[in-house]
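Everything below concerns the one structure shown next.
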Amino acid sequence: MKITFYGGARAVTGANYLLEYKDPTQKNGVRKVLIECGLSQGCAEFCEERNFEPFIYDPSEISEVFITHAHIDHTGLLPKLVKEGFKGKVYSTPPTREFAEYLLLDSQHLLAREAERKKYEIPYKEDHVWQLMHMWEGLEYEKEHKVGGATVVLHSAGHILGSASIEFRIEGKVFLFSGDLGNTPAPLIGPPTAVTKADYCFIESVYGDRIHEDLKQRRQKLEEVVLSSIKNGGTLVIPAFAMSRTQALLLELKDMFEQHKLGRVPIFLDSPLAIKLTDVYNKYKGYFKPELQEKFATPEKIFDFPLLQKTLQTEQSKAINKVPGPKIIIAGSGMSNGGRILHHEKRYLPDPHSTLLIFGYQAEGTLGRLILDGAKEINIMGEKVSVQARVKAIGGYSAHADQSQLLKWAEPLKGSLKKMYVVQGEIASSQALAEQMQKVHGFETEIPRPGQSVEL
């Protein structure tokens, strides 16, 4: 049995792992299974160019793909896999499948523009997304599913709605892929499920080198930023990921409105993708944590409130500029590396009365990371833009577990784990987590290299 780390090794994005095990029904007696097939995002340019290169393995030889959650760095190359010959099945939870459809169609347009700019072949077309959806099946949490020679169980990862850790039982061994684990308590969903037994674990490490700020204070910090921005009379601009982060933010703003803290300040959700994904959240209330399921048992739209205006059309987006401050704009992308947020940053970053609130992880090489690190002048769409607005960051709303939470999630594996592979993190984060896993739990750990294969 062998696993090869084709993506997500010593990098946060582009997760892609090939698991191979004996199966006499398959070509050469080997069954090939992918876990994740993600897009490389936000790192150095050589990394992003991988998205346009052929797969190192033969997609036609892949029997199944298992997806932990819908974020594009875990799903973004699935249509390309179909384009290049994959004819098997894709498995995830039902919400992940539905979210992914919208995310992949959105990503296709961005990749097509990038391909045109760099004179590359377009990685995939919309037709490949529709083909993929016909090959994609939903699996429920905590049920055993027989797929090929493996028994597969999906456990809640507590990261975003429908996210999963995936347990494979093959030839008497248990392989556990954490997926992205959640920051607990999360606004919408419950904590990750504790898995008590595995021989090998592949654990994410996005925040493996740090501890999040106190979760109890995150609401207070958000209120302080929102209310001070309103007092300044400027515009509060929030680059937000279309999934999870936007919905958590809307719930907080809705609560502030209901407590009469926002006055009549208009709030614009200026992201067609986020608007569509929010509708999917309304469809899958059964995946919310119990207290929210009870609260939103009625057919009401969970995230709507009178101040909120959703701007689907381009002309609606442009009209936001005519609305005087104070106002709040939520737009994608979350790392400021594309989307409508760039137009708003270009307009409002030079304004000292305005505020930019960074609300999530910013990968190395992204515009968001540059601003977060204190750049006073940036380049947006070929123009130099002065950063005069206040720049604030709140880490407590991160959807990723921090080091202490990762250690807690792994603790039940003591006594059974033979080895832990630390993946999906910048090298400093992975090293810090690997060291703590050894020190605290006594696990043997390894940080695999890109392209490395290991026999299990």
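Within each chain, counting starts at residue 1; across the structure tokens, chains are named A, B, ... in the order shown, with ligands numbered 1 upward in that order.
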
Contacts of region 244-248 of chain A at 7 Å (only C-alpha atoms; same-chain gap of 4+ positions) as a tab-separated table (two decimals) with C-alpha atoms, in the first residue's frame:
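Result written to out-v4.tsv:
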```tsv
chain	number	residue	atom	x	y	z
A	160	ILE	CA	-17.51	24.36	7.23
A	187	PRO	CA	-20.84	29.98	14.67
A	240	ALA	CA	-14.70	37.55	2.89
A	252	GLU	CA	-23.18	38.44	13.69
A	278	THR	CA	-25.93	31.26	1.33
```

Wanna dump the region 206-300 of chain A-region 53-72 of chain A contacts at 10 Å for me, each residue with its shortest atom pair and the distance in Å to one decimal, counting only C-alpha atoms, ordered by chain and number, as CSV?
```
residue,atom,partner,partner_atom,distance
A:Phe241,CA,A:His71,CA,9.6
A:Ala242,CA,A:His71,CA,9.6
A:Met243,CA,A:His71,CA,7.9
A:Ser244,CA,A:His71,CA,9.9
```

Quiz item: Counting only C-alpha atoms, what is within 10 Å of Asp255 (chain A), bar same-chain residues fewer than 6 positions away, as an MDAnalysis selection string?
Solution: chainID A and resid 249 261:262 303 305

Exercise. Counting only C-alpha atoms, figure out which residue out of A:Ala401, A:Ala432, A:Ala100, A:Ile275 gets nearest to His159 (chain A).
Key: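 Smallest distance to His159 (chain A) is found for A:Ala401.
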
Exercise. May I have the residues within 10 Å of Tyr281 (chain A) as an MDAnalysis selection string, using only C-alpha atoms and disregarding those fewer than 4 positions away in the same chain?
Key: chainID A and resid 95 99 161:162 188 243:244 247 276:277 285:288 301:303

Quiz item: Which polymer residues have any atom within 12 Å of an atom of Ala363 (chain A), counting only C-alpha atoms, with same-chain residues fewer than 4 positions away left out, as an MDAnalysis selection string?
Solution: chainID A and resid 11:13 40:44 73 206:207 334:337 367:373 424:426

Exercise. Write out as a list of chain:residue names which residues come within 7 Å of Pro266 (chain A) when counting only C-alpha atoms, dropping same-chain ones fewer than 2 positions away.
Key: A:Arg264, A:Phe268, A:Leu307, A:Leu308, A:Lys327, A:Ile328

Skip Phe52 (chain A) itself and residues of its chain fewer than 4 positions away, then list as a PDB file with all heavy atoms, in the first residue's frame all residues within 9 Å of it, counting only C-alpha atoms.
```pdb
ATOM      1  N   GLU A  48       1.166  28.258  -8.667  1.00  0.00           N
ATOM      2  CA  GLU A  48      -0.107  28.453  -9.336  1.00  0.00           C
ATOM      3  C   GLU A  48      -0.083  27.900 -10.760  1.00  0.00           C
ATOM      4  O   GLU A  48      -1.111  27.489 -11.279  1.00  0.00           O
ATOM      5  CB  GLU A  48      -0.471  29.936  -9.335  1.00  0.00           C
ATOM      6  CG  GLU A  48      -0.746  30.464  -7.934  1.00  0.00           C
ATOM      7  CD  GLU A  48      -1.043  31.948  -7.911  1.00  0.00           C
ATOM      8  OE1 GLU A  48      -0.897  32.609  -8.942  1.00  0.00           O
ATOM      9  OE2 GLU A  48      -1.418  32.439  -6.835  1.00  0.00           O
ATOM     10  N   LEU A 111     -10.138  30.951 -13.971  1.00  0.00           N
ATOM     11  CA  LEU A 111      -9.042  30.228 -14.611  1.00  0.00           C
ATOM     12  C   LEU A 111      -8.986  30.518 -16.110  1.00  0.00           C
ATOM     13  O   LEU A 111      -7.900  30.608 -16.690  1.00  0.00           O
ATOM     14  CB  LEU A 111      -9.195  28.730 -14.376  1.00  0.00           C
ATOM     15  CG  LEU A 111      -8.856  28.226 -12.966  1.00  0.00           C
ATOM     16  CD1 LEU A 111      -9.298  26.780 -12.807  1.00  0.00           C
ATOM     17  CD2 LEU A 111      -7.375  28.365 -12.679  1.00  0.00           C
ATOM     18  N   ALA A 115      -5.815  31.898 -17.954  1.00  0.00           N
ATOM     19  CA  ALA A 115      -5.232  31.163 -19.082  1.00  0.00           C
ATOM     20  C   ALA A 115      -5.072  32.067 -20.294  1.00  0.00           C
ATOM     21  O   ALA A 115      -4.049  32.025 -20.996  1.00  0.00           O
ATOM     22  CB  ALA A 115      -6.119  29.963 -19.424  1.00  0.00           C
ATOM     23  N   TYR A 120      -2.152  30.154 -21.830  1.00  0.00           N
ATOM     24  CA  TYR A 120      -2.186  28.733 -21.507  1.00  0.00           C
ATOM     25  C   TYR A 120      -3.479  28.135 -22.041  1.00  0.00           C
ATOM     26  O   TYR A 120      -4.450  28.848 -22.331  1.00  0.00           O
ATOM     27  CB  TYR A 120      -2.167  28.503 -19.989  1.00  0.00           C
ATOM     28  CG  TYR A 120      -0.885  28.875 -19.290  1.00  0.00           C
ATOM     29  CD1 TYR A 120      -0.900  29.196 -17.926  1.00  0.00           C
ATOM     30  CD2 TYR A 120       0.331  28.898 -19.956  1.00  0.00           C
ATOM     31  CE1 TYR A 120       0.267  29.525 -17.255  1.00  0.00           C
ATOM     32  CE2 TYR A 120       1.498  29.230 -19.296  1.00  0.00           C
ATOM     33  CZ  TYR A 120       1.460  29.540 -17.940  1.00  0.00           C
ATOM     34  OH  TYR A 120       2.612  29.871 -17.289  1.00  0.00           O
ATOM     35  N   GLU A 121      -3.519  26.819 -22.105  1.00  0.00           N
ATOM     36  CA  GLU A 121      -4.770  26.133 -22.406  1.00  0.00           C
ATOM     37  C   GLU A 121      -5.689  26.230 -21.191  1.00  0.00           C
ATOM     38  O   GLU A 121      -5.249  26.076 -20.045  1.00  0.00           O
ATOM     39  CB  GLU A 121      -4.502  24.661 -22.737  1.00  0.00           C
ATOM     40  CG  GLU A 121      -5.756  23.877 -23.086  1.00  0.00           C
ATOM     41  CD  GLU A 121      -5.476  22.415 -23.352  1.00  0.00           C
ATOM     42  OE1 GLU A 121      -4.290  22.040 -23.393  1.00  0.00           O
ATOM     43  OE2 GLU A 121      -6.450  21.649 -23.488  1.00  0.00           O
ATOM     44  N   ILE A 122      -6.970  26.475 -21.423  1.00  0.00           N
ATOM     45  CA  ILE A 122      -7.939  26.540 -20.322  1.00  0.00           C
ATOM     46  C   ILE A 122      -8.012  25.167 -19.640  1.00  0.00           C
ATOM     47  O   ILE A 122      -8.197  24.152 -20.319  1.00  0.00           O
ATOM     48  CB  ILE A 122      -9.334  26.949 -20.842  1.00  0.00           C
ATOM     49  CG1 ILE A 122      -9.279  28.343 -21.462  1.00  0.00           C
ATOM     50  CG2 ILE A 122     -10.366  26.917 -19.719  1.00  0.00           C
ATOM     51  CD1 ILE A 122     -10.564  28.768 -22.128  1.00  0.00           C
ATOM     52  N   PRO A 123      -7.849  25.127 -18.305  1.00  0.00           N
ATOM     53  CA  PRO A 123      -7.816  23.831 -17.618  1.00  0.00           C
ATOM     54  C   PRO A 123      -9.076  22.996 -17.802  1.00  0.00           C
ATOM     55  O   PRO A 123      -9.016  21.781 -17.919  1.00  0.00           O
ATOM     56  CB  PRO A 123      -7.640  24.216 -16.141  1.00  0.00           C
ATOM     57  CG  PRO A 123      -7.024  25.566 -16.166  1.00  0.00           C
ATOM     58  CD  PRO A 123      -7.585  26.245 -17.380  1.00  0.00           C
TER      59      PRO A 123
END
```

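Residue nearest Leu433 (chain A) within the list A:Arg347, A:Arg340, A:Arg210, A:Lys89: A:Arg210 [criterion: smallest interatomic distance, only C-alpha atoms].
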
Practice problem: Output as a PyMOL selection string all residues of region 227-317 of chain A that backbone DSSP marks as alpha helix (DSSP H). | Solution: chain A and resi 227-232+245-258+272-283+290-295+314-317

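The nearest approach to Gly338 (chain A) among the residues A:Lys418, A:Arg31, A:Arg449, A:His109, with only C-alpha atoms taken into account, belongs to A:His109.
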
Self-check item: CA of Gln108 (chain A) to CA of Ile166 (chain A), straight-line distance in Å
Solution: 26.9 Å

Quiz item: Rounded to one decimal in Å, what is the spacing between CA of Gly138 (chain A) and CA of Val90 (chain A)?
Solution: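 These atoms are spaced 8.5 Å apart.
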